[in-house]
Amino acid sequence: MHIDFAPPSNGTYNNSGSCRQLANYMEHEDLERMEKGIYTEGFFNLTDDNIYKSKVIKNIDSNIGQLLKTDAKFYAIHVSPSEKELRLMGNTEQEQAEAMKRYIRKVVIPEYAKNFNKGLSAEDIKFYGKIHFSRDRSDNELNMHCHLIVSRKDQTNKKKLSPLTNHKNTTKGTVKGGFDRKNLFQQLEQGFDKLFSYQRQLTETFEYCNTMKNGSISEQLKMQERQINETKVQPANQLNVGTAIQPDIPTLQQSENKQSNINMPDLGLSSVLGLFTPDVANKEDEKAPMKRKKKKPKRGFRQ
């Protein structure tokens, strides 16, 4: 699951003015699908489907009480499940789209509201979503994802809500509450797993990906060690059970890894620190005495 907040820009994601440009973009694939006779998904919010774009623009653009001209008026969020997650969400695009809307309504928006630490609920958040089924420059078979426009102000047009603030759980000062994005990502991941009974592997978790990308060397090594420990216990019908953990170690050759289902990232750390280098001798070579072969002189080589 990949979730991110689109950074404000001077183009589609310019959020200091009207959301019209973003709303227009969110409809860009509809015409092509309609020409092919493929169904499209309209805008939706917490309770309604097939909302007109004009209503989306009006409701977001008018919910800007006490905001300055240069202040952000809305935020854009992308929710993109992996292919593996999408296959669990449904067998058809329509089934996957319905599952996506259920996930947004039951998990994403409630957790988003809760993360401000202001006693907010999903009903306090003014947002509109739009599902896309394709993605440019992607070779994946399944690419469904969701775009969200979330108002800077709550439904009452009184409270300012910024998911891009660096404040977290503050009780003093001008900013009360704050927003912890890492916590949000983890809660959304856990919410997905619970909603769809998804058995997530360690390498698919936000914690793992974030550590391997942003963690220190020691943190990355600990995470690799944790992954190895979790792969020690394998079903009895699989090969390599009880043969230590060498088939899962990233320093081994690919030919020795064909039996393993684990795809560990090679960070180049084990060769430097030697933490995961296996101390396993080749027993076959120990048993069989080495036979000396007569060296044949190479042609064309003068001694």
# chains A, B, ... in the order shown; residues from 1 in each chain; ligands from 1
$ select_by_dssp --residues "segment 16-264 of chain A" --states "strand (DSSP E or B)" --output "PyMOL selection string"
chain A and resi 43-44+51+74-80+127-132+145-151+153+160+168-170+177-178
$ select_by_dssp --residues "segment 93-136 of chain A" --states "helix (DSSP H, G or I)" --output "VMD selection string"
chain A and resid 93 to 114 122 to 124
$ residues_around --residues "Glu93 of chain A" --least-positions-apart "6" --cutoff "12 Å" --atoms "only C-alpha atoms" --output "PDB file with N, CA and C atoms, in the first residue's frame"
ATOM      1  N   ILE A  38     -16.607   1.462 -21.325  1.00  0.00           N
ATOM      2  CA  ILE A  38     -16.236   0.962 -20.002  1.00  0.00           C
ATOM      3  C   ILE A  38     -16.816   1.892 -18.950  1.00  0.00           C
ATOM      4  N   TYR A  39     -17.346   1.328 -17.899  1.00  0.00           N
ATOM      5  CA  TYR A  39     -17.983   2.149 -16.874  1.00  0.00           C
ATOM      6  C   TYR A  39     -16.958   3.038 -16.167  1.00  0.00           C
ATOM      7  N   THR A  40     -17.411   4.156 -15.644  1.00  0.00           N
ATOM      8  CA  THR A  40     -16.547   5.079 -14.912  1.00  0.00           C
ATOM      9  C   THR A  40     -17.096   5.286 -13.503  1.00  0.00           C
ATOM     10  N   GLU A  41     -16.235   5.711 -12.613  1.00  0.00           N
ATOM     11  CA  GLU A  41     -16.623   6.021 -11.241  1.00  0.00           C
ATOM     12  C   GLU A  41     -16.658   7.530 -11.066  1.00  0.00           C
ATOM     13  N   LEU A  86      -4.694  -5.454  -4.519  1.00  0.00           N
ATOM     14  CA  LEU A  86      -5.845  -5.268  -5.399  1.00  0.00           C
ATOM     15  C   LEU A  86      -6.531  -6.590  -5.724  1.00  0.00           C
ATOM     16  N   ARG A  87      -5.756  -7.637  -5.923  1.00  0.00           N
ATOM     17  CA  ARG A  87      -6.351  -8.939  -6.238  1.00  0.00           C
ATOM     18  C   ARG A  87      -7.194  -9.445  -5.079  1.00  0.00           C
ATOM     19  N   ALA A  99     -14.576  -1.863  -3.168  1.00  0.00           N
ATOM     20  CA  ALA A  99     -13.737  -2.158  -2.008  1.00  0.00           C
ATOM     21  C   ALA A  99     -12.881  -0.952  -1.634  1.00  0.00           C
ATOM     22  N   MET A 100     -12.399  -0.248  -2.637  1.00  0.00           N
ATOM     23  CA  MET A 100     -11.597   0.952  -2.380  1.00  0.00           C
ATOM     24  C   MET A 100     -12.418   2.016  -1.662  1.00  0.00           C
ATOM     25  N   ILE A 131     -11.758   7.604  -8.228  1.00  0.00           N
ATOM     26  CA  ILE A 131     -10.958   6.413  -8.510  1.00  0.00           C
ATOM     27  C   ILE A 131     -10.472   6.412  -9.950  1.00  0.00           C
ATOM     28  N   HIS A 132      -9.183   6.115 -10.118  1.00  0.00           N
ATOM     29  CA  HIS A 132      -8.581   5.947 -11.438  1.00  0.00           C
ATOM     30  C   HIS A 132      -8.214   4.479 -11.621  1.00  0.00           C
ATOM     31  N   PHE A 133      -8.274   4.015 -12.868  1.00  0.00           N
ATOM     32  CA  PHE A 133      -8.003   2.606 -13.148  1.00  0.00           C
ATOM     33  C   PHE A 133      -6.706   2.378 -13.908  1.00  0.00           C
ATOM     34  N   SER A 134      -6.105   3.427 -14.410  1.00  0.00           N
ATOM     35  CA  SER A 134      -4.858   3.276 -15.172  1.00  0.00           C
ATOM     36  C   SER A 134      -3.825   4.243 -14.625  1.00  0.00           C
ATOM     37  N   GLU A 141      -0.205  -4.960 -14.287  1.00  0.00           N
ATOM     38  CA  GLU A 141      -1.471  -5.365 -14.885  1.00  0.00           C
ATOM     39  C   GLU A 141      -2.638  -4.627 -14.237  1.00  0.00           C
ATOM     40  N   LEU A 142      -2.552  -4.414 -12.932  1.00  0.00           N
ATOM     41  CA  LEU A 142      -3.587  -3.696 -12.186  1.00  0.00           C
ATOM     42  C   LEU A 142      -3.000  -2.399 -11.645  1.00  0.00           C
ATOM     43  N   ASN A 143      -3.711  -1.293 -11.870  1.00  0.00           N
ATOM     44  CA  ASN A 143      -3.195   0.015 -11.469  1.00  0.00           C
ATOM     45  C   ASN A 143      -4.231   0.893 -10.767  1.00  0.00           C
ATOM     46  N   MET A 144      -5.324   0.322 -10.301  1.00  0.00           N
ATOM     47  CA  MET A 144      -6.356   1.140  -9.693  1.00  0.00           C
ATOM     48  C   MET A 144      -5.813   1.880  -8.472  1.00  0.00           C
ATOM     49  N   HIS A 145      -6.152   3.163  -8.355  1.00  0.00           N
ATOM     50  CA  HIS A 145      -5.757   3.968  -7.218  1.00  0.00           C
ATOM     51  C   HIS A 145      -6.804   5.060  -7.010  1.00  0.00           C
TER      52      HIS A 145
END
$ residues_around --residues "Tyr75 of chain A" --least-positions-apart "5" --cutoff "12 Å" --atoms "only C-alpha atoms" --output "mmCIF file with N, CA and C atoms, in the first residue's frame"
data_model
loop_
_atom_site.group_PDB
_atom_site.id
_atom_site.type_symbol
_atom_site.label_atom_id
_atom_site.label_comp_id
_atom_site.auth_asym_id
_atom_site.auth_seq_id
_atom_site.Cartn_x
_atom_site.Cartn_y
_atom_site.Cartn_z
ATOM 1 N N ASP A 4 0.430 8.808 -0.102
ATOM 2 C CA ASP A 4 1.248 10.009 -0.003
ATOM 3 C C ASP A 4 0.403 11.266 -0.145
ATOM 4 N N PHE A 5 0.970 12.363 0.322
ATOM 5 C CA PHE A 5 0.356 13.676 0.198
ATOM 6 C C PHE A 5 1.075 14.406 -0.932
ATOM 7 N N ALA A 6 0.336 14.774 -1.961
ATOM 8 C CA ALA A 6 0.953 15.450 -3.097
ATOM 9 C C ALA A 6 1.469 16.814 -2.662
ATOM 10 N N PRO A 7 2.752 17.122 -2.918
ATOM 11 C CA PRO A 7 3.282 18.431 -2.529
ATOM 12 C C PRO A 7 2.652 19.541 -3.363
ATOM 13 N N PRO A 8 2.333 20.675 -2.752
ATOM 14 C CA PRO A 8 1.759 21.794 -3.505
ATOM 15 C C PRO A 8 2.690 22.237 -4.620
ATOM 16 N N SER A 9 2.120 22.653 -5.730
ATOM 17 C CA SER A 9 2.925 23.104 -6.859
ATOM 18 C C SER A 9 2.183 24.233 -7.565
ATOM 19 N N THR A 12 -1.153 21.375 -11.344
ATOM 20 C CA THR A 12 -2.359 20.664 -10.936
ATOM 21 C C THR A 12 -2.581 20.716 -9.437
ATOM 22 N N TYR A 13 -1.506 20.654 -8.676
ATOM 23 C CA TYR A 13 -1.629 20.579 -7.220
ATOM 24 C C TYR A 13 -1.427 21.927 -6.530
ATOM 25 N N ASN A 14 -1.686 23.001 -7.241
ATOM 26 C CA ASN A 14 -1.652 24.329 -6.632
ATOM 27 C C ASN A 14 -2.875 24.471 -5.727
ATOM 28 N N ASN A 15 -2.662 24.473 -4.427
ATOM 29 C CA ASN A 15 -3.791 24.463 -3.489
ATOM 30 C C ASN A 15 -4.027 25.779 -2.786
ATOM 31 N N SER A 16 -3.448 26.853 -3.304
ATOM 32 C CA SER A 16 -3.680 28.162 -2.689
ATOM 33 C C SER A 16 -4.903 28.857 -3.277
ATOM 34 N N GLY A 17 -5.471 28.269 -4.331
ATOM 35 C CA GLY A 17 -6.657 28.863 -4.950
ATOM 36 C C GLY A 17 -7.759 27.841 -5.099
ATOM 37 N N SER A 18 -8.431 27.862 -6.240
ATOM 38 C CA SER A 18 -9.539 26.949 -6.492
ATOM 39 C C SER A 18 -9.029 25.525 -6.740
ATOM 40 N N CYS A 19 -9.870 24.556 -6.421
ATOM 41 C CA CYS A 19 -9.525 23.151 -6.673
ATOM 42 C C CYS A 19 -9.975 22.710 -8.063
ATOM 43 N N LEU A 22 -7.452 20.658 -10.179
ATOM 44 C CA LEU A 22 -7.270 19.295 -9.695
ATOM 45 C C LEU A 22 -8.493 18.447 -10.002
ATOM 46 N N ILE A 60 -15.663 22.683 -1.934
ATOM 47 C CA ILE A 60 -14.289 22.847 -1.457
ATOM 48 C C ILE A 60 -13.881 24.320 -1.493
ATOM 49 N N ILE A 125 -14.703 15.664 8.483
ATOM 50 C CA ILE A 125 -13.786 15.903 7.365
ATOM 51 C C ILE A 125 -14.563 16.114 6.072
ATOM 52 N N LYS A 126 -14.273 17.218 5.399
ATOM 53 C CA LYS A 126 -14.897 17.489 4.089
ATOM 54 C C LYS A 126 -13.927 17.018 3.012
ATOM 55 N N PHE A 127 -14.333 16.004 2.274
ATOM 56 C CA PHE A 127 -13.449 15.449 1.243
ATOM 57 C C PHE A 127 -14.278 14.900 0.087
ATOM 58 N N TYR A 128 -13.574 14.711 -1.037
ATOM 59 C CA TYR A 128 -14.164 14.045 -2.202
ATOM 60 C C TYR A 128 -13.089 13.155 -2.822
ATOM 61 N N GLY A 129 -13.510 11.974 -3.249
ATOM 62 C CA GLY A 129 -12.570 11.029 -3.846
ATOM 63 C C GLY A 129 -12.940 10.704 -5.275
ATOM 64 N N HIS A 147 -7.663 9.185 -5.838
ATOM 65 C CA HIS A 147 -7.266 10.565 -5.545
ATOM 66 C C HIS A 147 -8.286 11.170 -4.583
ATOM 67 N N LEU A 148 -7.785 11.851 -3.570
ATOM 68 C CA LEU A 148 -8.669 12.518 -2.613
ATOM 69 C C LEU A 148 -8.373 14.013 -2.581
ATOM 70 N N ILE A 149 -9.433 14.830 -2.600
ATOM 71 C CA ILE A 149 -9.331 16.260 -2.310
ATOM 72 C C ILE A 149 -9.904 16.450 -0.913
ATOM 73 N N VAL A 150 -9.058 16.941 0.006
ATOM 74 C CA VAL A 150 -9.505 17.122 1.390
ATOM 75 C C VAL A 150 -9.424 18.600 1.738
ATOM 76 N N SER A 151 -10.517 19.165 2.210
ATOM 77 C CA SER A 151 -10.564 20.584 2.554
ATOM 78 C C SER A 151 -9.630 20.902 3.714
ATOM 79 N N ARG A 152 -9.047 22.091 3.688
ATOM 80 C CA ARG A 152 -8.192 22.547 4.794
ATOM 81 C C ARG A 152 -9.025 22.767 6.058
ATOM 82 N N LYS A 153 -10.289 23.128 5.887
ATOM 83 C CA LYS A 153 -11.155 23.392 7.023
ATOM 84 C C LYS A 153 -12.093 22.214 7.254
ATOM 85 N N LEU A 161 -7.153 22.447 9.513
ATOM 86 C CA LEU A 161 -6.563 21.107 9.598
ATOM 87 C C LEU A 161 -5.474 20.968 8.544
ATOM 88 N N SER A 162 -4.234 20.760 9.005
ATOM 89 C CA SER A 162 -3.130 20.615 8.069
ATOM 90 C C SER A 162 -2.380 19.307 8.316
ATOM 91 N N PRO A 163 -2.444 18.364 7.383
ATOM 92 C CA PRO A 163 -1.699 17.108 7.532
ATOM 93 C C PRO A 163 -0.209 17.266 7.228
ATOM 94 N N LEU A 164 0.205 18.445 6.774
ATOM 95 C CA LEU A 164 1.609 18.668 6.432
ATOM 96 C C LEU A 164 2.370 19.399 7.536
#
$ residues_around --residues "Lys114 of chain A" --least-positions-apart "6" --cutoff "12 Å" --atoms "only C-alpha atoms" --output "number ranges by chain"
A: 107-108, 120-125, 161, 163, 169, 177-181, 183-184, 187-188
$ decode --residues "segment 183-200 of chain A" --atoms "N, CA, C and O atoms" --output "compact mmCIF listing (two decimals), in the first residue's frame"
# COMPACT_ATOMS: atom_id res chain seq x y z
N ASN A 183 2.59 7.67 11.86
CA ASN A 183 1.56 6.94 12.60
C ASN A 183 0.34 6.70 11.72
O ASN A 183 -0.26 5.61 11.75
N LEU A 184 -0.02 7.70 10.91
CA LEU A 184 -1.17 7.55 10.01
C LEU A 184 -0.93 6.41 9.03
O LEU A 184 -1.80 5.56 8.83
N PHE A 185 0.23 6.38 8.40
CA PHE A 185 0.52 5.35 7.42
C PHE A 185 0.44 3.95 8.04
O PHE A 185 -0.09 3.02 7.43
N GLN A 186 0.94 3.81 9.25
CA GLN A 186 0.89 2.51 9.91
C GLN A 186 -0.54 2.12 10.26
O GLN A 186 -0.93 0.95 10.11
N GLN A 187 -1.33 3.08 10.72
CA GLN A 187 -2.73 2.80 11.06
C GLN A 187 -3.54 2.44 9.82
O GLN A 187 -4.41 1.55 9.87
N LEU A 188 -3.27 3.11 8.71
CA LEU A 188 -3.99 2.80 7.47
C LEU A 188 -3.61 1.42 6.95
O LEU A 188 -4.46 0.70 6.40
N GLU A 189 -2.36 1.06 7.12
CA GLU A 189 -1.90 -0.27 6.71
C GLU A 189 -2.57 -1.35 7.55
O GLU A 189 -3.08 -2.35 7.04
N GLN A 190 -2.58 -1.16 8.86
CA GLN A 190 -3.21 -2.13 9.76
C GLN A 190 -4.71 -2.19 9.53
O GLN A 190 -5.32 -3.27 9.60
N GLY A 191 -5.33 -1.04 9.24
CA GLY A 191 -6.76 -1.01 8.95
C GLY A 191 -7.11 -1.78 7.69
O GLY A 191 -8.14 -2.46 7.63
N PHE A 192 -6.26 -1.67 6.67
CA PHE A 192 -6.47 -2.43 5.43
C PHE A 192 -6.40 -3.92 5.71
O PHE A 192 -7.25 -4.70 5.26
N ASP A 193 -5.37 -4.32 6.44
CA ASP A 193 -5.18 -5.75 6.73
C ASP A 193 -6.37 -6.33 7.49
O ASP A 193 -6.80 -7.45 7.23
N LYS A 194 -6.91 -5.55 8.41
CA LYS A 194 -8.05 -6.02 9.20
C LYS A 194 -9.32 -6.06 8.36
O LYS A 194 -10.10 -7.03 8.43
N LEU A 195 -9.53 -5.04 7.53
CA LEU A 195 -10.74 -4.95 6.72
C LEU A 195 -10.82 -6.06 5.68
O LEU A 195 -11.88 -6.64 5.44
N PHE A 196 -9.67 -6.41 5.09
CA PHE A 196 -9.65 -7.40 4.00
C PHE A 196 -8.99 -8.71 4.40
O PHE A 196 -8.74 -9.56 3.54
N SER A 197 -8.70 -8.89 5.70
CA SER A 197 -8.05 -10.12 6.19
C SER A 197 -6.78 -10.40 5.39
O SER A 197 -6.55 -11.52 4.93
N TYR A 198 -5.96 -9.39 5.24
CA TYR A 198 -4.74 -9.50 4.44
C TYR A 198 -3.56 -9.92 5.31
O TYR A 198 -3.30 -9.32 6.35
N GLN A 199 -2.87 -10.99 4.90
CA GLN A 199 -1.71 -11.47 5.63
C GLN A 199 -0.46 -10.78 5.08
O GLN A 199 0.14 -11.22 4.11
N ARG A 200 -0.08 -9.70 5.70
CA ARG A 200 1.02 -8.87 5.19
C ARG A 200 2.39 -9.41 5.62
O ARG A 200 2.63 -9.66 6.80
